[in-house]
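Pasting query_20.txt here (compact mmCIF, C-alpha atoms):
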```
# COMPACT_ATOMS: atom_id res chain seq x y z
CA MET A 8 7.04 7.42 -19.18
CA ILE A 9 4.24 9.76 -20.26
CA ARG A 10 3.86 12.99 -18.34
CA HIS A 11 1.51 12.55 -15.38
CA ASP A 12 -0.82 15.55 -15.23
CA GLY A 13 -2.08 14.57 -11.78
CA GLU A 14 1.41 14.50 -10.29
CA GLN A 15 2.26 17.84 -11.90
CA ALA A 16 -0.93 19.43 -10.54
CA VAL A 17 -0.21 18.25 -6.98
CA GLN A 18 3.43 19.33 -7.20
CA ARG A 19 2.38 22.81 -8.27
CA ARG A 20 -0.13 23.05 -5.42
CA ALA A 21 2.52 21.87 -2.93
CA GLY A 22 5.18 24.18 -4.38
CA GLU A 23 7.53 21.22 -4.88
CA GLY A 24 9.03 19.21 -7.74
CA HIS A 25 9.33 20.52 -11.27
CA GLU A 26 8.41 19.65 -14.85
CA GLY A 27 9.41 16.03 -15.46
CA TRP A 28 9.73 15.20 -11.75
CA GLY A 29 8.12 11.92 -10.65
CA SER A 30 6.85 9.31 -13.09
CA PRO A 31 8.72 10.60 -16.17
CA MET A 32 12.00 9.83 -14.37
CA PHE A 33 11.47 6.06 -14.25
CA GLY A 34 11.54 3.50 -17.03
CA PRO A 35 10.05 0.03 -17.39
CA GLU A 36 13.28 -2.00 -17.14
CA ILE A 37 14.22 -3.81 -13.92
CA PRO A 38 17.77 -2.71 -13.00
CA ILE A 39 20.16 -5.60 -12.44
CA GLY A 40 20.72 -4.50 -8.85
CA PHE A 41 17.00 -4.71 -8.13
CA ARG A 42 16.62 -8.28 -9.35
CA ALA A 43 18.50 -9.92 -6.47
CA PHE A 44 16.50 -7.85 -3.99
CA LEU A 45 13.20 -8.95 -5.53
CA ARG A 46 14.20 -12.63 -5.45
CA ALA A 47 15.07 -12.33 -1.76
CA GLN A 48 11.71 -10.94 -0.66
CA ARG A 49 8.93 -12.77 1.17
CA LEU A 50 6.40 -9.94 1.22
CA LEU A 51 4.75 -8.18 -1.70
CA ILE A 52 1.99 -5.57 -1.60
CA LEU A 53 -0.21 -5.39 -4.69
CA GLY A 54 -2.90 -2.93 -5.74
CA ALA A 55 -5.47 -3.30 -8.53
CA ARG A 56 -9.09 -2.70 -9.48
CA ASP A 57 -11.83 -5.29 -9.21
CA ASP A 58 -14.59 -5.85 -11.77
CA SER A 59 -16.58 -2.90 -10.38
CA ASP A 60 -13.52 -0.60 -10.68
CA ALA A 61 -13.12 -0.40 -6.90
CA VAL A 62 -9.43 -0.18 -5.97
CA TRP A 63 -8.00 -2.62 -3.42
CA ALA A 64 -4.60 -3.27 -1.85
CA THR A 65 -3.62 -6.80 -0.87
CA VAL A 66 -0.63 -8.82 0.32
CA LEU A 67 1.17 -11.73 -1.34
CA SER A 68 3.70 -13.85 0.49
CA GLY A 69 5.94 -16.85 -0.04
CA PRO A 70 9.41 -18.24 0.55
CA ARG A 71 12.42 -16.39 -0.81
CA GLY A 72 12.33 -16.78 -4.58
CA PHE A 73 8.54 -16.63 -4.95
CA ILE A 74 9.17 -13.35 -6.82
CA GLN A 75 11.25 -14.08 -9.92
CA PRO A 76 12.36 -11.42 -12.43
CA THR A 77 12.72 -13.43 -15.63
CA SER A 78 13.72 -10.66 -18.04
CA GLU A 79 14.22 -6.92 -18.14
CA ARG A 80 10.45 -6.39 -18.06
CA THR A 81 8.83 -9.54 -16.68
CA ILE A 82 8.28 -10.86 -13.18
CA GLU A 83 6.72 -14.20 -12.25
CA ILE A 84 5.04 -14.38 -8.84
CA ALA A 85 4.29 -17.80 -7.32
CA ALA A 86 1.37 -16.65 -5.18
CA LEU A 87 -2.18 -15.37 -5.30
CA PRO A 88 -4.23 -13.28 -2.85
CA ALA A 89 -5.86 -15.23 0.00
CA TYR A 90 -9.18 -17.00 -0.37
CA GLY A 91 -11.95 -14.42 0.02
CA ASP A 92 -9.70 -11.55 -1.03
CA PRO A 93 -11.41 -9.07 -3.43
CA LEU A 94 -8.50 -9.50 -5.89
CA ARG A 95 -8.23 -13.30 -5.67
CA ASP A 96 -10.05 -14.03 -8.95
CA VAL A 97 -9.74 -10.83 -10.99
CA PHE A 98 -6.52 -11.64 -12.84
CA THR A 99 -8.13 -14.01 -15.32
CA THR A 100 -8.04 -10.83 -17.39
CA THR A 101 -4.99 -8.56 -17.50
CA ARG A 102 -5.09 -5.77 -14.91
CA ASP A 103 -3.05 -2.68 -14.22
CA VAL A 104 -1.20 -3.25 -10.95
CA GLY A 105 1.00 -1.38 -8.57
CA MET A 106 3.38 -3.48 -6.47
CA LEU A 107 5.63 -2.78 -3.52
CA ALA A 108 8.33 -5.32 -2.62
CA ILE A 109 9.20 -4.45 0.95
CA ASP A 110 11.72 -5.84 3.42
CA PRO A 111 10.92 -4.73 6.98
CA GLU A 112 14.10 -6.43 8.25
CA THR A 113 16.39 -4.15 6.22
CA GLN A 114 13.92 -1.27 5.76
CA ARG A 115 14.23 -1.37 1.96
CA ARG A 116 11.54 -1.24 -0.70
CA ILE A 117 11.11 -1.23 -4.47
CA ARG A 118 8.01 -0.15 -6.39
CA VAL A 119 6.91 -1.81 -9.62
CA ASN A 120 3.93 -0.71 -11.69
CA GLY A 121 2.73 -2.74 -14.65
CA ARG A 122 0.16 -5.26 -15.87
CA ALA A 123 -0.58 -8.64 -14.32
CA THR A 124 -2.26 -11.79 -15.63
CA ARG A 125 -2.93 -15.04 -13.82
CA ARG A 126 -0.74 -18.00 -14.75
CA GLY A 127 -1.82 -21.13 -12.89
CA ASP A 128 -1.49 -20.44 -9.15
CA GLY A 129 0.49 -17.26 -9.66
CA LEU A 130 0.80 -14.01 -11.59
CA SER A 131 2.85 -12.93 -14.58
CA VAL A 132 3.69 -9.21 -14.61
CA ILE A 133 4.94 -6.98 -17.42
CA THR A 134 6.63 -3.94 -15.90
CA ASP A 135 5.93 -0.36 -16.98
CA GLN A 136 7.70 1.54 -14.18
CA VAL A 137 10.34 0.46 -11.67
CA LEU A 138 11.86 2.60 -8.92
CA GLY A 139 13.50 2.41 -5.53
CA ASN A 140 12.21 4.33 -2.50
CA CYS A 141 14.03 5.69 0.53
CA PRO A 142 13.57 3.95 3.93
CA LYS A 143 11.74 6.86 5.57
CA TYR A 144 8.92 5.89 7.95
CA LEU A 145 9.57 2.14 7.58
CA GLN A 146 9.45 0.30 10.91
CA ARG A 147 11.98 -2.47 11.37
CA ARG A 148 10.48 -5.94 11.89
CA GLU A 149 11.76 -9.50 11.80
CA VAL A 150 9.99 -12.76 10.98
CA VAL A 151 9.53 -14.97 14.04
CA ALA A 152 7.34 -17.72 12.54
CA VAL A 153 5.82 -18.99 9.31
CA GLU A 154 2.43 -20.68 9.57
CA PRO A 155 0.50 -22.50 6.84
CA PRO A 156 -2.36 -20.43 5.39
CA PRO A 157 -5.91 -21.73 5.74
CA THR A 158 -7.46 -23.79 2.98
CA GLU A 159 -10.45 -22.49 1.08
CA ALA A 160 -12.76 -24.43 3.42
CA GLU A 161 -11.00 -23.00 6.49
CA ALA A 162 -10.96 -19.36 5.29
CA ARG A 163 -12.74 -16.93 7.60
CA VAL A 164 -13.77 -13.71 5.85
CA TRP A 165 -15.86 -10.79 7.10
CA ARG A 166 -17.36 -8.19 4.73
CA GLY A 167 -19.14 -4.94 5.48
CA THR A 168 -19.57 -1.29 4.58
CA ALA A 169 -18.31 0.22 7.85
CA LEU A 170 -15.56 -0.54 10.36
CA THR A 171 -16.34 -2.69 13.36
CA ASP A 172 -15.03 -1.73 16.81
CA HIS A 173 -12.31 -4.38 16.48
CA GLN A 174 -11.21 -3.03 13.10
CA GLN A 175 -11.17 0.52 14.42
CA ARG A 176 -8.91 -0.52 17.29
CA LEU A 177 -6.53 -2.32 14.92
CA ILE A 178 -6.31 0.74 12.67
CA GLN A 179 -5.82 3.24 15.47
CA ALA A 180 -2.94 1.10 16.81
CA ALA A 181 -1.28 0.72 13.39
CA ASP A 182 2.19 2.07 12.65
CA THR A 183 2.02 1.06 8.97
CA PHE A 184 -0.50 0.72 6.19
CA PHE A 185 -0.43 0.43 2.40
CA ILE A 186 -2.38 2.40 -0.19
CA ALA A 187 -3.27 1.46 -3.77
CA SER A 188 -4.37 3.98 -6.38
CA HIS A 189 -5.12 4.07 -10.09
CA ALA A 190 -5.55 6.74 -12.74
CA PRO A 191 -6.81 6.45 -16.33
CA GLY A 192 -3.91 6.25 -18.74
CA HIS A 193 -1.34 5.94 -15.96
CA GLY A 194 -2.04 2.51 -14.48
CA GLY A 195 -1.84 1.42 -10.87
CA ASP A 196 0.42 2.19 -7.94
CA ALA A 197 1.00 0.77 -4.46
CA SER A 198 2.73 2.69 -1.72
CA HIS A 199 3.60 2.59 1.99
CA ARG A 200 2.59 4.92 4.81
CA GLY A 201 4.18 4.76 8.23
CA GLY A 202 4.27 6.64 11.52
CA MET A 203 3.93 6.16 15.24
CA PRO A 204 0.83 4.29 16.48
CA GLY A 205 -2.08 6.70 16.37
CA PHE A 206 -0.92 8.51 13.23
CA VAL A 207 -4.05 7.19 11.48
CA ARG A 208 -7.09 8.73 13.14
CA VAL A 209 -10.38 6.88 13.19
CA VAL A 210 -12.91 9.70 12.88
CA GLY A 211 -15.80 7.25 12.68
CA PRO A 212 -16.75 3.84 11.31
CA ARG A 213 -16.61 5.18 7.75
CA HIS A 214 -14.00 7.94 7.97
CA LEU A 215 -10.23 7.88 8.48
CA ALA A 216 -7.66 10.68 8.37
CA TRP A 217 -3.88 10.63 8.37
CA PRO A 218 -0.98 13.09 7.97
CA ASP A 219 1.20 13.45 4.91
CA TYR A 220 4.83 13.83 5.95
CA VAL A 221 7.88 15.14 4.07
CA GLY A 222 8.75 12.76 1.23
CA ASN A 223 10.39 12.68 -2.19
CA SER A 224 7.91 15.12 -3.78
CA PHE A 225 7.02 12.65 -6.55
CA TYR A 226 3.38 12.52 -5.40
CA MET A 227 2.63 9.37 -7.37
CA THR A 228 -0.23 8.36 -5.08
CA PHE A 229 -1.62 11.89 -4.81
CA GLY A 230 -1.25 12.36 -8.56
CA ASN A 231 -3.46 9.34 -9.17
CA MET A 232 -5.94 10.49 -6.53
CA HIS A 233 -6.09 13.93 -8.14
CA LEU A 234 -7.34 12.25 -11.33
CA ASP A 235 -9.38 9.49 -9.65
CA PRO A 236 -10.09 9.60 -5.88
CA ARG A 237 -10.83 5.87 -5.66
CA CYS A 238 -8.16 4.06 -3.65
CA GLY A 239 -7.66 1.03 -1.41
CA LEU A 240 -6.02 0.64 1.99
CA LEU A 241 -4.46 -2.45 3.57
CA PHE A 242 -3.80 -2.86 7.29
CA LEU A 243 -1.82 -5.90 8.45
CA ASP A 244 -1.92 -7.48 11.86
CA TRP A 245 1.77 -8.36 11.83
CA GLU A 246 1.49 -10.82 14.72
CA THR A 247 -1.51 -12.88 13.54
CA GLY A 248 -1.43 -12.55 9.74
CA ASP A 249 -4.95 -11.06 9.68
CA THR A 250 -5.71 -8.31 7.15
CA VAL A 251 -8.23 -5.48 6.96
CA GLN A 252 -8.79 -4.15 3.43
CA LEU A 253 -10.72 -0.98 2.69
CA THR A 254 -11.84 0.54 -0.56
CA GLY A 255 -13.26 4.02 -0.86
CA ARG A 256 -12.32 7.55 -1.82
CA GLY A 257 -9.49 9.76 -0.67
CA ARG A 258 -9.21 13.55 -0.60
CA ILE A 259 -6.29 15.85 0.19
CA ASP A 260 -7.05 18.62 2.69
CA TRP A 261 -4.60 21.48 2.02
CA ASP A 262 -5.70 23.56 5.04
CA PRO A 263 -2.53 24.34 7.08
CA GLN A 264 -4.55 24.77 10.25
CA ARG A 265 -5.88 21.24 9.91
CA ALA A 266 -2.36 19.94 9.23
CA ALA A 267 -1.14 21.62 12.41
CA GLU A 268 -3.31 19.18 14.40
CA PHE A 269 -0.98 16.35 13.26
CA PRO A 270 2.66 16.64 14.38
CA GLY A 271 4.97 16.79 11.35
CA ALA A 272 2.16 16.95 8.80
CA LEU A 273 2.33 19.00 5.62
CA ARG A 274 -1.29 18.24 4.84
CA VAL A 275 -4.04 15.75 5.76
CA ILE A 276 -5.76 13.00 3.78
CA ASP A 277 -9.38 12.08 4.44
CA PHE A 278 -10.63 8.66 3.42
CA GLU A 279 -14.28 7.65 3.15
CA VAL A 280 -14.87 3.91 3.57
CA GLU A 281 -17.16 2.20 1.07
CA GLN A 282 -16.35 -1.50 1.62
CA VAL A 283 -14.41 -3.49 4.21
CA VAL A 284 -12.98 -7.02 3.99
CA GLN A 285 -11.30 -8.70 6.96
CA ILE A 286 -9.53 -12.04 6.49
CA GLU A 287 -8.09 -14.15 9.29
CA ARG A 288 -4.56 -15.50 8.71
CA ALA A 289 -4.47 -14.05 5.19
CA HIS A 290 -0.69 -14.45 4.96
CA PRO A 291 1.70 -16.89 6.65
CA LEU A 292 4.44 -14.62 8.04
CA ARG A 293 4.47 -13.62 11.70
CA TRP A 294 6.54 -10.57 12.58
CA ARG A 295 8.03 -8.96 15.67
CA LEU A 296 8.50 -5.19 15.91
CA CYS A 297 12.17 -4.35 16.46
CA ALA A 298 12.24 -0.56 16.17
CA TYR A 299 10.25 2.37 14.89
CA SER A 300 11.71 4.51 12.12
CA ARG A 301 13.81 7.36 13.45
CA PHE A 302 12.03 9.61 10.95
CA ASN A 303 8.58 9.13 12.50
CA PRO A 304 7.10 12.34 13.90
CA PRO A 305 5.43 11.96 17.29
CA SER A 306 1.76 11.02 17.40
CA THR A 307 -0.93 12.55 19.54
CA CYS A 308 -2.67 9.12 19.57
CA PHE A 309 -5.95 10.99 19.31
CA VAL A 310 -8.95 8.88 18.31
CA GLU A 311 -12.45 10.06 17.53
CA GLY A 312 -15.58 8.00 17.35
CA VAL A 313 -14.31 4.89 19.18
```

What is this structure when it is put down as C-alpha cells?
Amino acid sequence: MIRHDGEQAVQRRAGEGHEGWGSPMFGPEIPIGFRAFLRAQRLLILGARDDSDAVWATVLSGPRGFIQPTSERTIEIAALPAYGDPLRDVFTTTRDVGMLAIDPETQRRIRVNGRATRRGDGLSVITDQVLGNCPKYLQRREVVAVEPPPTEAEARVWRGTALTDHQQRLIQAADTFFIASHAPGHGGDASHRGGMPGFVRVVGPRHLAWPDYVGNSFYMTFGNMHLDPRCGLLFLDWETGDTVQLTGRGRIDWDPQRAAEFPGALRVIDFEVEQVVQIERAHPLRWRLCAYSRFNPPSTCFVEGV
C-alpha cells in the first residue's frame, strides 16, 4: 500500500503512530480467516462518490451468503442500495469504495477498500486493502425480524439540504453512525463511530459535532479528510429500517478546551450538512439493542438547536 500522506499528517499532529503506521500495513488479499466471517454477514456498510463527487455512506443487506469472497481479491455482493439511494445507480461505472462488514451480534467488523462495478442486481468488488478492527464502541444488537423491502413503486424518499426536526431527533438519540471518506490516489473508506446516545450533538439543522475517542491511531478516515474534507454519514433506525444519509464536509477541531466539553474526547469533528436523503424501510433487518459497549464514555446528552 502506498504511503498515505494524510494519515501521516494527522498522526504527527496527534503525536501518535509512526512512519508506515496505518494504510501501509495492510495488503489487498482477503485472509482465509476473514472469508468465513464475510460469508456469514447480513449487514454491509458501503461508501462511495456519486457523479457530482459528493461522498455518501449507505447500507446493503441480505441473507447470510449475500457477501461472497470468490478469490483472494474479489468479492461478489448480491445486493444494491435501496431505491432512491444516492448510490443506487452509480456503479454502472467502476467506483472506489470503502466497505465495512459488521456483526452487531458478536461485535466484530472487517474493513475492505477497493473498486466496485455493478453486475446485474449486485456488485463485484476488487479489493485493495483488507483489515480487521477491534470491537471498541460497538453496541451489541440482535436481529428480531426480517421484513421485505419496498418495491420501487412503494419507496418513500425525502431529500433536502437541512435536517428536519424528526431527523435531528433521530441523530441526537443515535448510539452509532457510519462515515464514508475518499482521498485522491487513496480510494474510499467506510468506518464506524459509536458512543452513548447523545454523543453526536445537533448544533443546528446543518451542523453536527461529535467526539473522537481513543482508537488504533491509524487515522484512515481523518487521513482522507485531511486531503479531502468531503464525507458522508449514515444513521440507521435499527428498529424500523429507515435510513438518514448526509453528505457534506468534515473538519477536525484540535482545540483541547473544546474536546473537554465531550467526556472522553481527544478532539472534536464538525460536520457541515450539504444534502440529506431519508428513506423509509431502506433495509430489511430489524434489530434489538442488547447492550452498549463497555468502552463507551458517558454522554452529556447535550443538544443545541432542537

If I take atom CA of A:Thr247 and atom CA of A:Cys297, how far is one from the other in Å, to one decimal?
16.4 Å

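In this model, the gap between atom CA of A:Asp277 and atom CA of A:His189 comes to 17.1 Å.
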
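Distance-wise, atom CA of A:Ala152 and atom CA of A:Arg293 end up 5.1 Å apart.
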
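In this comparison, which uses only C-alpha atoms, the residue of A:Gly54, A:Pro35, A:Gly40, A:Gly91 approaching A:Val283 most closely is A:Gly91.
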
Non-local contacts of A:Gln15 (8 Å; all atoms listed in the file; under 2 positions in same chain excluded) as a PyMOL selection string
chain A and resi 11-13+17-19+25-26+28+230

Within 7 Å of file point (7.4, -10.5, 1.4), counting all atoms listed in the file, expressed as a list in words
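Protein, DNA and RNA residues close to (7.4, -10.5, 1.4): Gln48, Arg49, Leu50, Leu51, Leu67, Ser68, Gly69, Ala108, Ile109 and Asp110 of chain A.
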
Compile the contact shell of stretch 239-242 of chain A as an mmCIF file with C-alpha atoms, keeping the file's coordinate frame: residues with an atom at most 7 Å away, counting only C-alpha atoms, same-chain residues fewer than 6 positions apart removed.
```
data_model
loop_
_atom_site.group_PDB
_atom_site.id
_atom_site.type_symbol
_atom_site.label_atom_id
_atom_site.label_comp_id
_atom_site.auth_asym_id
_atom_site.auth_seq_id
_atom_site.Cartn_x
_atom_site.Cartn_y
_atom_site.Cartn_z
ATOM 1 C CA VAL A 62 -9.430 -0.180 -5.970
ATOM 2 C CA TRP A 63 -8.000 -2.620 -3.420
ATOM 3 C CA ALA A 64 -4.600 -3.270 -1.850
ATOM 4 C CA THR A 65 -3.620 -6.800 -0.870
ATOM 5 C CA ILE A 178 -6.310 0.740 12.670
ATOM 6 C CA PHE A 184 -0.500 0.720 6.190
ATOM 7 C CA PHE A 185 -0.430 0.430 2.400
ATOM 8 C CA ILE A 186 -2.380 2.400 -0.190
ATOM 9 C CA ALA A 187 -3.270 1.460 -3.770
ATOM 10 C CA SER A 188 -4.370 3.980 -6.380
ATOM 11 C CA THR A 250 -5.710 -8.310 7.150
ATOM 12 C CA VAL A 251 -8.230 -5.480 6.960
ATOM 13 C CA GLN A 252 -8.790 -4.150 3.430
ATOM 14 C CA LEU A 253 -10.720 -0.980 2.690
ATOM 15 C CA THR A 254 -11.840 0.540 -0.560
ATOM 16 C CA GLY A 255 -13.260 4.020 -0.860
#
```

Determine, counting only C-alpha atoms, which protein, DNA and RNA residues have an atom within 7 Å of an atom of A:Arg125; residues of the same chain fewer than 3 positions away are not included. Present the result as an mmCIF file with C-alpha atoms, in the coordinates of the input.
```
data_model
loop_
_atom_site.group_PDB
_atom_site.id
_atom_site.type_symbol
_atom_site.label_atom_id
_atom_site.label_comp_id
_atom_site.auth_asym_id
_atom_site.auth_seq_id
_atom_site.Cartn_x
_atom_site.Cartn_y
_atom_site.Cartn_z
ATOM 1 C CA PHE A 98 -6.520 -11.640 -12.840
ATOM 2 C CA THR A 99 -8.130 -14.010 -15.320
ATOM 3 C CA GLY A 129 0.490 -17.260 -9.660
ATOM 4 C CA LEU A 130 0.800 -14.010 -11.590
ATOM 5 C CA SER A 131 2.850 -12.930 -14.580
#
```

Identify which of the residues A:Ile39, A:Val207, A:Ala162, A:Leu145 lies closest to A:Ile286, counting all atoms listed in the file when measuring atom-to-atom distances.
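Smallest separation from A:Ile286 among the options: A:Ala162.
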
For A:Val66: contacts at 7 Å, all atoms listed in the file, fewer than 4 positions along chain excluded, given as JSON, numbers by chain:
{"A": [51, 52, 53, 88]}

Counting all atoms listed in the file, select every polymer residue within 10 Å of (14.2, -0.5, 3.4) as defined in the file's coordinates, and provide the selection as a VMD selection string.
chain A and resid 108 to 117 139 to 147

Top pick for closest residue to A:Gln285, considering A:Asp103, A:Asp244, A:Asp249, A:Asp128 and counting only C-alpha atoms
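The shortest atom-to-atom distance to A:Gln285 comes from A:Asp249.
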
Close residues, stretch 43-46 of chain A itself excluded, 7 Å, only C-alpha atoms, min 4 positions apart in chain, as a PyMOL selection string:
chain A and resi 71-75+108

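The nearest approach to A:Pro236 among the residues A:Pro155, A:Pro191, A:Gly271, A:Gly222, with only C-alpha atoms taken into account, belongs to A:Pro191.
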
Using all atoms listed in the file, which of A:Asn120, A:Thr228, A:Thr158, A:Thr101 sits nearest A:Asp57?
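Under the stated criterion, the closest residue is A:Thr101.
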
With distances taken over only C-alpha atoms, which of A:Val153, A:Ala272, A:Met203, A:Ala47 is nearest to A:Arg288?
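Nearest candidate to A:Arg288 out of A:Val153, A:Ala272, A:Met203, A:Ala47: A:Val153.
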
So that all listed atoms of stretch 57-65 of chain A fit with 8 Å spare on each side, what axis-aligned box centre and edge lengths in Å, to one decimal, would you give as lines of an AutoDock Vina configuration file?
```
center_x = -10.1
center_y = -3.5
center_z = -6.3
size_x = 29.0
size_y = 22.6
size_z = 26.9
```
